>>> print(open('work.csv').read())   # CSV, C-alpha atoms and all ligand atoms
chain,number,residue,atom,x,y,z
A,21,MET,CA,-13.6,4.3,-25.8
A,22,ALA,CA,-13.2,8.0,-25.5
A,23,GLU,CA,-15.9,8.6,-22.9
A,24,ILE,CA,-14.6,6.0,-20.3
A,25,ARG,CA,-13.1,7.9,-17.4
A,26,LEU,CA,-10.3,6.2,-15.3
A,27,ALA,CA,-9.8,9.3,-13.2
A,28,ILE,CA,-10.8,9.1,-9.6
A,29,GLU,CA,-11.1,11.3,-6.5
A,30,LEU,CA,-9.6,9.5,-3.5
A,31,ALA,CA,-9.9,11.2,-0.1
A,32,GLY,CA,-9.5,14.6,-1.8
A,33,LEU,CA,-6.7,13.5,-4.2
A,34,ARG,CA,-7.4,13.8,-7.9
A,35,LEU,CA,-5.7,10.9,-9.7
A,36,ARG,CA,-5.7,10.2,-13.4
A,37,ASN,CA,-6.4,6.5,-12.7
A,38,PRO,CA,-6.7,4.2,-9.7
A,39,THR,CA,-3.4,2.4,-9.9
A,40,MET,CA,-0.2,2.9,-7.8
A,41,ASN,CA,2.8,0.9,-6.8
A,42,ALA,CA,2.8,-0.7,-3.3
A,43,ALA,CA,5.2,0.7,-0.8
A,44,GLY,CA,8.7,-0.8,-0.7
A,45,VAL,CA,8.9,-2.7,-4.0
A,46,LEU,CA,10.6,0.1,-5.8
A,47,GLY,CA,12.4,2.0,-3.2
A,48,LEU,CA,12.1,5.8,-3.1
A,49,THR,CA,14.5,7.5,-5.5
A,50,ALA,CA,12.9,10.2,-7.7
A,51,GLY,CA,14.2,8.4,-10.8
A,52,LEU,CA,12.4,5.1,-10.1
A,53,LEU,CA,9.2,6.6,-8.8
A,54,ARG,CA,9.1,8.9,-11.9
A,55,ARG,CA,9.4,5.7,-14.1
A,56,VAL,CA,6.3,4.2,-12.3
A,57,TYR,CA,4.3,7.3,-13.2
A,58,GLU,CA,5.6,7.4,-16.7
A,59,GLU,CA,4.6,3.7,-17.1
A,60,GLY,CA,1.0,4.6,-16.3
A,61,ALA,CA,0.4,4.6,-12.5
A,62,GLY,CA,-2.0,7.2,-11.1
A,63,ALA,CA,0.2,8.0,-8.1
A,64,VAL,CA,3.5,6.7,-6.7
A,65,VAL,CA,4.1,5.4,-3.2
A,66,THR,CA,7.5,5.5,-1.4
A,67,LYS,CA,9.2,2.7,0.6
A,68,SER,CA,8.4,3.2,4.3
A,69,LEU,CA,10.4,6.1,5.7
A,70,GLY,CA,11.6,6.4,9.3
A,71,LEU,CA,13.1,9.2,11.3
A,72,LYS,CA,16.7,8.0,10.9
A,73,PRO,CA,18.5,5.9,8.4
A,74,ARG,CA,18.1,2.2,9.1
A,75,MET,CA,20.0,-0.9,7.9
A,76,GLY,CA,17.3,-3.6,7.9
A,77,HIS,CA,17.9,-7.3,8.3
A,78,PRO,CA,21.0,-9.2,7.0
A,79,ASN,CA,20.6,-11.4,3.9
A,80,PRO,CA,18.8,-13.5,2.9
A,81,THR,CA,15.8,-11.2,3.1
A,82,VAL,CA,13.7,-12.5,0.2
A,83,VAL,CA,12.7,-16.0,-0.9
A,84,TYR,CA,10.4,-17.0,-3.8
A,85,VAL,CA,7.7,-19.6,-2.9
A,86,GLU,CA,4.7,-21.0,-4.7
A,87,ALA,CA,2.6,-18.1,-6.1
A,88,GLY,CA,4.4,-15.4,-4.2
A,89,LEU,CA,7.4,-14.4,-2.2
A,90,ILE,CA,8.3,-13.9,1.4
A,91,ASN,CA,10.4,-10.9,2.4
A,92,ALA,CA,11.9,-9.8,5.7
A,93,MET,CA,13.6,-6.6,4.8
A,94,GLY,CA,13.4,-5.0,8.2
A,95,LEU,CA,12.3,-1.6,6.9
A,96,PRO,CA,15.7,-0.5,5.6
A,97,ASN,CA,15.6,3.1,4.5
A,98,PRO,CA,17.8,6.2,4.3
A,99,GLY,CA,15.6,8.3,6.6
A,100,VAL,CA,13.0,11.0,6.0
A,101,GLU,CA,15.6,13.8,5.3
A,102,TYR,CA,17.0,12.0,2.3
A,103,PHE,CA,13.6,11.6,0.7
A,104,LEU,CA,12.7,15.3,1.1
A,105,GLY,CA,15.6,15.9,-1.3
A,106,GLU,CA,14.1,13.5,-3.9
A,107,LEU,CA,10.6,14.8,-3.4
A,108,GLY,CA,11.3,18.2,-4.9
A,109,ARG,CA,12.1,16.6,-8.2
A,110,LEU,CA,8.9,14.6,-8.3
A,111,LYS,CA,6.8,17.6,-7.3
A,112,ALA,CA,8.4,19.8,-10.0
A,113,GLU,CA,6.9,17.3,-12.5
A,114,GLY,CA,3.4,17.3,-10.9
A,115,ILE,CA,3.6,13.6,-9.9
A,116,PRO,CA,1.2,12.7,-7.0
A,117,VAL,CA,3.3,11.3,-4.2
A,118,ILE,CA,2.1,9.2,-1.3
A,119,ALA,CA,4.8,8.8,1.4
A,120,SER,CA,4.7,5.7,3.4
A,121,PHE,CA,6.1,6.1,6.9
A,122,PHE,CA,6.6,4.5,10.3
A,123,GLY,CA,8.0,5.3,13.7
A,124,GLU,CA,9.4,3.4,16.6
A,125,THR,CA,7.4,5.5,19.1
A,126,LEU,CA,4.3,7.6,18.8
A,127,GLU,CA,6.4,10.8,18.8
A,128,GLU,CA,8.5,9.5,15.9
A,129,PHE,CA,5.4,8.7,13.8
A,130,VAL,CA,4.2,12.3,14.4
A,131,GLU,CA,7.6,13.8,13.6
A,132,VAL,CA,8.2,11.9,10.4
A,133,ALA,CA,4.6,12.6,9.2
A,134,SER,CA,4.9,16.3,10.0
A,135,ARG,CA,8.2,16.6,8.1
A,136,LEU,CA,6.7,14.8,5.0
A,137,SER,CA,3.6,16.9,5.1
A,138,GLU,CA,5.5,20.2,5.4
A,139,GLY,CA,7.8,18.9,2.7
A,140,GLY,CA,4.9,18.8,0.2
A,141,VAL,CA,3.8,15.2,-0.2
A,142,ASP,CA,0.3,14.8,-1.5
A,143,ALA,CA,-0.7,12.2,1.0
A,144,LEU,CA,0.7,9.9,3.7
A,145,GLU,CA,0.4,6.2,4.3
A,146,LEU,CA,0.9,5.1,7.9
A,147,ASN,CA,2.6,1.7,8.0
A,148,CYS,CA,0.9,-0.3,10.8
A,149,SER,CA,3.1,-3.4,10.3
A,150,CYS,CA,5.9,-2.3,12.5
A,151,PRO,CA,6.9,-3.7,15.9
A,152,ASN,CA,7.6,-2.0,19.2
A,153,VAL,CA,5.3,1.0,19.1
A,154,GLU,CA,4.1,1.7,22.6
A,155,GLY,CA,5.4,-1.7,23.7
A,156,VAL,CA,2.8,-3.3,21.3
A,157,GLY,CA,4.1,-6.5,19.5
A,158,LEU,CA,2.7,-5.3,16.2
A,159,LEU,CA,1.1,-1.8,16.0
A,160,GLY,CA,-1.5,-3.0,13.5
A,161,SER,CA,-2.8,-5.7,15.8
A,162,ASP,CA,-3.9,-3.3,18.6
A,163,PRO,CA,-7.0,-1.3,17.7
A,164,GLY,CA,-6.4,1.1,20.6
A,165,ALA,CA,-2.8,1.9,19.6
A,166,VAL,CA,-3.9,2.3,15.9
A,167,GLU,CA,-6.5,4.8,16.9
A,168,ARG,CA,-4.1,6.8,19.1
A,169,VAL,CA,-1.3,6.9,16.5
A,170,THR,CA,-3.7,7.8,13.8
A,171,GLU,CA,-5.2,10.6,15.9
A,172,ALA,CA,-1.8,12.0,16.9
A,173,VAL,CA,-0.6,12.0,13.3
A,174,LYS,CA,-3.8,13.4,11.9
A,175,GLY,CA,-3.6,16.3,14.4
A,176,CYS,CA,-0.4,17.6,12.9
A,177,VAL,CA,-0.6,17.1,9.1
A,178,ASP,CA,-2.7,18.8,6.5
A,179,VAL,CA,-2.7,16.1,3.8
A,180,PRO,CA,-4.9,13.0,3.5
A,181,LEU,CA,-3.8,10.2,5.8
A,182,PHE,CA,-4.2,6.6,4.7
A,183,VAL,CA,-3.6,3.9,7.4
A,184,LYS,CA,-2.2,0.7,5.9
A,185,LEU,CA,-3.6,-2.4,7.7
A,186,SER,CA,-1.9,-5.6,8.6
A,187,PRO,CA,-3.7,-8.8,7.7
A,188,ASN,CA,-2.1,-10.5,10.7
A,189,VAL,CA,-5.0,-9.8,13.0
A,190,SER,CA,-8.0,-11.7,14.2
A,191,ASP,CA,-10.6,-9.0,13.4
A,192,ILE,CA,-9.5,-6.5,10.7
A,193,ALA,CA,-12.9,-4.7,10.8
A,194,GLN,CA,-12.1,-3.6,14.3
A,195,VAL,CA,-8.7,-2.2,13.3
A,196,ALA,CA,-10.3,-0.5,10.3
A,197,ARG,CA,-12.9,1.1,12.5
A,198,ALA,CA,-10.2,2.2,15.0
A,199,ALA,CA,-8.3,4.0,12.2
A,200,GLU,CA,-11.5,5.7,11.0
A,201,GLN,CA,-12.3,6.8,14.5
A,202,GLY,CA,-8.7,8.2,14.8
A,203,GLY,CA,-9.4,10.4,11.8
A,204,ALA,CA,-7.9,8.4,8.9
A,205,ASP,CA,-9.0,9.7,5.5
A,206,GLY,CA,-8.6,6.2,4.0
A,207,LEU,CA,-7.2,2.8,4.4
A,208,THR,CA,-4.8,0.6,2.5
A,209,ALA,CA,-5.5,-3.1,2.8
A,210,VAL,CA,-3.2,-4.9,3.2
A,211,ASN,CA,0.4,-5.5,4.0
A,212,THR,CA,2.0,-8.9,3.9
A,213,LEU,CA,0.9,-12.1,5.7
A,214,ARG,CA,3.4,-13.6,8.2
A,215,ALA,CA,5.1,-16.7,6.8
A,216,VAL,CA,8.1,-19.0,7.1
A,217,ALA,CA,10.1,-20.9,4.4
A,218,ILE,CA,12.3,-23.9,5.3
A,219,ASP,CA,15.4,-25.2,3.4
A,220,VAL,CA,15.4,-29.1,3.4
A,221,GLU,CA,19.1,-29.3,2.7
A,222,THR,CA,20.3,-27.1,5.6
A,223,ARG,CA,17.2,-28.0,7.6
A,224,ARG,CA,16.9,-24.4,8.7
A,225,PRO,CA,14.6,-21.4,8.0
A,226,ILE,CA,15.7,-19.7,4.8
A,227,LEU,CA,15.3,-16.1,5.9
A,228,SER,CA,17.8,-14.6,8.4
A,229,ASN,CA,14.9,-13.2,10.4
A,230,VAL,CA,13.1,-16.7,10.3
A,231,THR,CA,9.7,-15.1,9.6
A,232,GLY,CA,8.8,-12.8,6.8
A,233,GLY,CA,5.8,-11.4,4.9
A,234,LEU,CA,4.0,-13.3,2.1
A,235,SER,CA,3.0,-11.3,-0.9
A,236,GLY,CA,2.0,-12.0,-4.5
A,237,PRO,CA,-0.9,-14.1,-5.9
A,238,ALA,CA,-0.9,-16.4,-2.8
A,239,LEU,CA,-2.0,-13.4,-0.7
A,240,LYS,CA,-4.8,-12.3,-2.9
A,241,PRO,CA,-7.8,-14.2,-1.5
A,242,VAL,CA,-6.9,-13.3,2.0
A,243,ALA,CA,-6.4,-9.6,1.1
A,244,LEU,CA,-9.7,-9.5,-0.8
A,245,ARG,CA,-11.4,-10.9,2.4
A,246,CYS,CA,-9.7,-8.1,4.4
A,247,VAL,CA,-10.9,-5.4,1.9
A,248,TRP,CA,-14.4,-7.0,2.0
A,249,GLU,CA,-14.6,-6.9,5.8
A,250,ALA,CA,-13.1,-3.4,6.0
A,251,ALA,CA,-15.6,-2.1,3.4
A,252,GLU,CA,-18.5,-3.5,5.4
A,253,GLU,CA,-17.2,-1.6,8.4
A,254,VAL,CA,-16.1,1.9,7.4
A,255,GLU,CA,-17.2,4.8,5.2
A,256,ILE,CA,-13.7,6.0,4.3
A,257,PRO,CA,-12.2,4.8,0.9
A,258,ILE,CA,-10.0,1.8,0.7
A,259,ILE,CA,-6.9,1.2,-1.4
A,260,GLY,CA,-6.8,-2.6,-2.2
A,261,CYS,CA,-3.4,-4.3,-2.2
A,262,GLY,CA,-2.2,-7.9,-2.3
A,263,GLY,CA,-1.4,-10.2,-5.2
A,264,ILE,CA,-2.7,-7.9,-8.0
A,265,SER,CA,-1.0,-8.9,-11.2
A,266,ASN,CA,-3.5,-7.9,-13.9
A,267,TRP,CA,-6.7,-5.9,-14.7
A,268,ARG,CA,-8.9,-8.8,-13.7
A,269,ASP,CA,-7.4,-8.8,-10.2
A,270,ALA,CA,-7.9,-5.0,-10.1
A,271,VAL,CA,-11.5,-5.3,-11.0
A,272,GLU,CA,-12.1,-8.0,-8.3
A,273,TYR,CA,-10.7,-5.5,-5.7
A,274,LEU,CA,-12.9,-2.6,-7.0
A,275,LEU,CA,-16.0,-4.8,-6.9
A,276,CYS,CA,-15.0,-5.9,-3.4
A,277,GLY,CA,-15.0,-2.3,-2.2
A,278,ALA,CA,-11.6,-0.8,-3.0
A,279,SER,CA,-11.6,2.6,-4.6
A,280,ALA,CA,-8.0,2.3,-5.9
A,281,ILE,CA,-5.4,-0.5,-6.0
A,282,GLN,CA,-1.6,-1.0,-5.5
A,283,VAL,CA,0.7,-3.4,-7.2
A,284,GLY,CA,3.8,-4.7,-5.5
A,285,THR,CA,5.2,-8.2,-6.3
A,286,ALA,CA,3.9,-8.2,-9.8
A,287,VAL,CA,6.1,-5.1,-10.6
A,288,MET,CA,9.0,-7.3,-9.6
A,289,SER,CA,7.9,-10.3,-11.5
A,290,ARG,CA,6.3,-8.7,-14.6
A,291,GLY,CA,7.9,-5.3,-14.8
A,292,LEU,CA,6.5,-1.7,-14.9
A,293,GLY,CA,4.3,-2.4,-18.0
A,294,VAL,CA,1.8,-3.9,-15.6
A,295,PHE,CA,0.4,-0.4,-14.8
A,296,ARG,CA,-0.5,0.3,-18.4
A,297,GLU,CA,-1.9,-3.2,-18.9
A,298,ILE,CA,-4.2,-2.8,-15.9
A,299,ASP,CA,-5.3,0.7,-17.0
A,300,GLU,CA,-6.2,-0.6,-20.5
A,301,GLY,CA,-7.9,-3.8,-19.2
A,302,LEU,CA,-9.9,-1.7,-16.8
A,303,ARG,CA,-11.0,0.6,-19.6
A,304,ARG,CA,-12.0,-2.3,-21.8
A,305,TYR,CA,-13.9,-3.9,-18.9
A,306,LEU,CA,-15.8,-0.7,-18.1
A,307,GLU,CA,-16.8,-0.2,-21.7
A,308,ALA,CA,-17.8,-3.8,-22.4
A,309,ASN,CA,-20.1,-3.7,-19.3
A,310,GLY,CA,-21.7,-0.4,-19.9
A,311,PHE,CA,-19.9,1.7,-17.2
A,312,LYS,CA,-18.4,5.1,-17.8
A,313,GLU,CA,-16.4,5.6,-14.6
A,314,VAL,CA,-14.3,3.5,-12.2
A,315,SER,CA,-16.3,4.7,-9.2
A,316,GLU,CA,-19.5,3.0,-10.6
A,317,ILE,CA,-18.1,-0.5,-9.9
A,318,VAL,CA,-16.6,0.2,-6.5
A,319,GLY,CA,-18.3,-2.1,-3.9
A,320,LEU,CA,-20.8,-3.7,-6.4
A,321,ALA,CA,-20.2,-7.2,-5.0
A,322,HIS,CA,-21.7,-6.0,-1.7
A,323,LYS,CA,-25.0,-5.1,-3.3
A,324,ALA,CA,-27.7,-7.7,-3.3
A,401,LIG,C1,10.3,-6.4,-1.1
A,401,LIG,C2,9.1,-5.8,-0.4
A,401,LIG,C3,9.3,-4.7,0.4
A,401,LIG,C4,8.2,-4.1,1.0
A,401,LIG,N1,8.4,-3.0,1.7
A,401,LIG,C5,7.3,-2.4,2.3
A,401,LIG,C6,7.4,-1.1,3.0
A,401,LIG,O1,8.5,-0.5,3.1
A,401,LIG,N2,6.3,-0.6,3.6
A,401,LIG,C7,5.0,-1.2,3.5
A,401,LIG,O2,4.1,-0.6,4.0
A,401,LIG,N3,4.9,-2.3,2.8
A,401,LIG,C8,6.0,-2.9,2.2
A,401,LIG,N4,5.8,-4.1,1.5
A,401,LIG,C9,4.4,-4.7,1.3
A,401,LIG,C10,3.8,-4.2,0.0
A,401,LIG,O3,3.7,-2.8,0.0
A,401,LIG,C11,2.4,-4.8,-0.2
A,401,LIG,O4,1.6,-4.5,0.9
A,401,LIG,C12,2.5,-6.4,-0.2
A,401,LIG,O5,3.6,-6.8,-0.9
A,401,LIG,C13,1.3,-7.0,-0.9
A,401,LIG,O6,1.1,-6.6,-2.2
A,401,LIG,P1,1.6,-7.4,-3.5
A,401,LIG,O7,1.1,-8.8,-3.3
A,401,LIG,O8,1.1,-6.8,-4.7
A,401,LIG,O9,3.1,-7.4,-3.4
A,401,LIG,C14,6.9,-4.7,0.8
A,401,LIG,C15,6.7,-5.8,0.0
A,401,LIG,C16,7.8,-6.4,-0.6
A,401,LIG,C17,7.6,-7.6,-1.4
>>> encode(input="work.csv", output="structure tokens", more="lines below")
Ligand SMILES: Cc1cc2nc3c(=O)[nH]c(=O)nc-3n(C[C@H](O)[C@H](O)[C@H](O)COP(=O)(O)O)c2cc1C
Amino acid sequence: MAEIRLAIELAGLRLRNPTMNAAGVLGLTAGLLRRVYEEGAGAVVTKSLGLKPRMGHPNPTVVYVEAGLINAMGLPNPGVEYFLGELGRLKAEGIPVIASFFGETLEEFVEVASRLSEGGVDALELNCSCPNVEGVGLLGSDPGAVERVTEAVKGCVDVPLFVKLSPNVSDIAQVARAAEQGGADGLTAVNTLRAVAIDVETRRPILSNVTGGLSGPALKPVALRCVWEAAEEVEIPIIGCGGISNWRDAVEYLLCGASAIQVGTAVMSRGLGVFREIDEGLRRYLEANGFKEVSEIVGLAHKA
């Protein structure tokens, strides 16, 4: 097994393997993110950070459904300044950190990204699944707005910028192209799928926000389709995300065109051991099929 290489280069980032946690499922304290790395992830991703502390929605914010969960957290976070304090501890240990961020205006996106970039994160992940930017219902559903925000952020940071796409759009390839044209170094595909859960006893929606985002295995086929369509459209690398619970799911994403993968809901349902399990399964798969490196299988399903 010695000659199998899990290490990858992703938009200039050198990572020991292609796995990372998905934004938001483990918060952003240095202690928890360090655990993710210790348990085998190649990089760690923060919960989405905004300019100021934000409360999020009242409970209930999470409900388990068949093969997944629906959450409507409302982007609660302690603000960018808080995380810059945590970041120093992670950087002292050489852990690659990708900071997820959002803004309520274009200026806020730029300011949060600049502070994180100056603070020393290794890369940024722009969360497109947020309302009210430039009066747009959902930023990620307007290709023009995605291009403008990407371009504005890219102009003032000097670390790789990943744009995380929303699956709640009619043409994800168009949004992927807009992000690429705006100068994104890579994409993350995808965030959660809009959903509702109803309680038959109270005869009311379960979540206080009524709608939330579906994640977990139920999301996987949709997310794979999004990765497929984005991969057909753009040259920049894609981080696949949505319902990945084991090495086989990870391999499906790589074959579909993802260069790396993120695990969210499965960390909550199966624990942090999922990273090592995926790393080991991936290594066995590559060896059993005569490959030496992860990059050799990226996008193979597209080749005739
Ligand atoms: C509780 C929870 C909180 C999340 N918070 C964020 C967030 O802060 N920023 C973000 O971009 N995505 C957030 N997500 C979406 C995940 O990063 C991921 O895109 C989605 O859950 C699909 O992956 P999964 O099926 O592996 O969970 C959150 C998901 C969950 C379940």
>>> residues_near_ligand(input="work.csv", ligand="ligand LIG 401 (chain A)", cutoff="8 Å", atoms="only C-alpha atoms and all ligand atoms", output="count of residues only")
51
>>> atom_distance(input="work.csv", atom1="CA of Asp162 in chain A", atom2="CA of Phe129 in chain A")
15.9 Å
>>> closest_residue(input="work.csv", among="A:Glu128, A:Ala50, A:Glu138, A:Pro98", to="Lys111 in chain A", atoms="all atoms listed in the file")
A:Ala50
>>> closest_residue(input="work.csv", among="A:Asn309, A:Gln201, A:Thr125, A:Asn37", to="Glu253 in chain A", atoms="only C-alpha atoms")
A:Gln201
>>> atom_distance(input="work.csv", atom1="CA of Lys174 in chain A", atom2="CA of Val195 in chain A")
16.4 Å
>>> decode(input="work.csv", residues="range 23-37 of chain A", atoms="N, CA and C atoms", output="short mmCIF file (atom, residue, chain, number, x, y, z; two decimals), in the first residue's frame")
data_model
loop_
_atom_site.label_atom_id
_atom_site.label_comp_id
_atom_site.auth_asym_id
_atom_site.auth_seq_id
_atom_site.Cartn_x
_atom_site.Cartn_y
_atom_site.Cartn_z
N GLU A 23 2.86 2.84 -1.87
CA GLU A 23 3.04 3.81 -2.95
C GLU A 23 1.75 4.59 -3.30
N ILE A 24 0.63 4.29 -2.66
CA ILE A 24 -0.61 5.02 -2.95
C ILE A 24 -0.55 6.41 -2.30
N ARG A 25 -0.81 7.44 -3.11
CA ARG A 25 -0.73 8.81 -2.60
C ARG A 25 -2.13 9.42 -2.47
N LEU A 26 -2.50 9.79 -1.25
CA LEU A 26 -3.79 10.46 -1.06
C LEU A 26 -3.62 11.97 -1.15
N ALA A 27 -2.38 12.44 -1.10
CA ALA A 27 -2.13 13.90 -1.11
C ALA A 27 -2.62 14.51 -2.42
N ILE A 28 -3.14 15.73 -2.31
CA ILE A 28 -3.62 16.42 -3.52
C ILE A 28 -3.13 17.87 -3.51
N GLU A 29 -3.18 18.46 -4.71
CA GLU A 29 -3.00 19.90 -4.81
C GLU A 29 -4.32 20.46 -5.30
N LEU A 30 -4.87 21.39 -4.53
CA LEU A 30 -6.21 21.89 -4.83
C LEU A 30 -6.14 23.42 -4.92
N ALA A 31 -6.22 23.94 -6.12
CA ALA A 31 -6.15 25.40 -6.34
C ALA A 31 -4.95 26.00 -5.61
N GLY A 32 -3.83 25.30 -5.65
CA GLY A 32 -2.61 25.82 -5.01
C GLY A 32 -2.43 25.36 -3.57
N LEU A 33 -3.46 24.76 -2.98
CA LEU A 33 -3.33 24.25 -1.60
C LEU A 33 -2.76 22.84 -1.65
N ARG A 34 -1.79 22.58 -0.81
CA ARG A 34 -1.28 21.21 -0.72
C ARG A 34 -1.91 20.54 0.48
N LEU A 35 -2.69 19.49 0.25
CA LEU A 35 -3.40 18.81 1.34
C LEU A 35 -2.97 17.35 1.41
N ARG A 36 -2.91 16.80 2.62
CA ARG A 36 -2.41 15.42 2.77
C ARG A 36 -3.42 14.39 2.26
N ASN A 37 -4.70 14.78 2.16
CA ASN A 37 -5.72 13.92 1.55
C ASN A 37 -6.89 14.81 1.14
#
